[in-house]
Amino acid sequence: MATQTCADGRLSRGGEGITLNDLTSWCPVEPGGLQQLVDRLVAADRLAEADLTGTHLTGQLTEQLLPLTCPHLR
C-alpha cells in the first residue's frame, strides 16, 4: 500500500482509495478477510481513517509508514 499513496499519505494517488481487487492481488487473502487485516493495521498504528467498502479501501498511512512511500512515483 505504501507505493499507492498521495503525497500526504492518503491511499491511492487521487485519494479515492485502493480497489479490493488490487488489494487481494497483493496479499494472499480473500476479500472477506480484508477487514481483519485493516483492523490490525489500524490497531498497530499503521493506517488511520480506514474505511473498507464493498469496492475500495480508503484511509491514510500513519507517520510510521510514510517513509516507505515512493514519492518518485507521484
# chains A, B, ... in the order shown; residues from 1 in each chain; ligands from 1
call {"tool": "select_by_dssp", "arguments": {"residues": "segment 22-73 of chain A", "states": "alpha helix (DSSP H)", "output": "ChimeraX atom specification"}}
result
/A:22-26,34-43
call {"tool": "residues_around", "arguments": {"residues": "segment 60-63 of chain A", "least_positions_apart": "5", "cutoff": "9 Å", "atoms": "only C-alpha atoms", "output": "list in words"}}
result
Met1, Ala2, Thr5, Asp8, Gly9, Arg10, Leu11, Gly15, Asp45, Arg46, Leu47, Ala48, Glu49 and Ala50 of chain A
call {"tool": "select_by_dssp", "arguments": {"residues": "chain A", "states": "strand (DSSP E or B)", "output": "list in words"}}
result
Thr5, Arg10, Leu11, Ile18, Thr19, Leu47, Ala48, Glu49, Ala50, Asp51, Leu52, His56, Leu57, Thr58, Gly59, Gln60 and Leu61 of chain A
call {"tool": "closest_residue", "arguments": {"among": "A:Thr24, A:Glu30, A:Gln64, A:Gly17", "to": "Leu52 of chain A", "atoms": "only C-alpha atoms"}}
result
A:Gly17
call {"tool": "closest_residue", "arguments": {"among": "A:Thr3, A:Leu65, A:Glu16, A:Trp26", "to": "Ala44 of chain A", "atoms": "only C-alpha atoms"}}
result
A:Leu65
call {"tool": "atom_distance", "arguments": {"atom1": "atom CA of Asn21 of chain A", "atom2": "atom CA of Val38 of chain A"}}
result
14.9 Å
call {"tool": "residues_around", "arguments": {"residues": "Ser25 of chain A", "least_positions_apart": "6", "cutoff": "12 Å", "atoms": "only C-alpha atoms", "output": "list in words"}}
result
Met1, Ile18, Thr19, Pro31 and Leu34 of chain A
call {"tool": "write_last_selection", "arguments": {"atoms": "N, CA, C and O atoms", "output": "compact mmCIF listing (two decimals), in the first residue's frame"}}
result
# COMPACT_ATOMS: atom_id res chain seq x y z
N MET A 1 0.81 -1.19 0.00
CA MET A 1 0.00 0.00 0.00
C MET A 1 0.86 1.25 0.00
O MET A 1 0.41 2.28 -0.48
N ILE A 18 -7.97 2.32 -2.73
CA ILE A 18 -7.40 1.21 -3.48
C ILE A 18 -8.50 0.18 -3.68
O ILE A 18 -9.23 -0.14 -2.74
N THR A 19 -8.62 -0.33 -4.89
CA THR A 19 -9.68 -1.31 -5.15
C THR A 19 -9.41 -2.61 -4.40
O THR A 19 -8.25 -2.97 -4.18
N PRO A 31 -11.35 -11.57 -0.19
CA PRO A 31 -11.95 -10.28 0.16
C PRO A 31 -12.61 -10.27 1.54
O PRO A 31 -12.56 -9.27 2.23
N LEU A 34 -10.26 -9.19 4.42
CA LEU A 34 -9.60 -7.88 4.41
C LEU A 34 -9.92 -7.04 5.64
O LEU A 34 -9.06 -6.32 6.14
call {"tool": "atom_distance", "arguments": {"atom1": "atom CA of Leu23 of chain A", "atom2": "atom CA of His56 of chain A"}}
result
8.8 Å
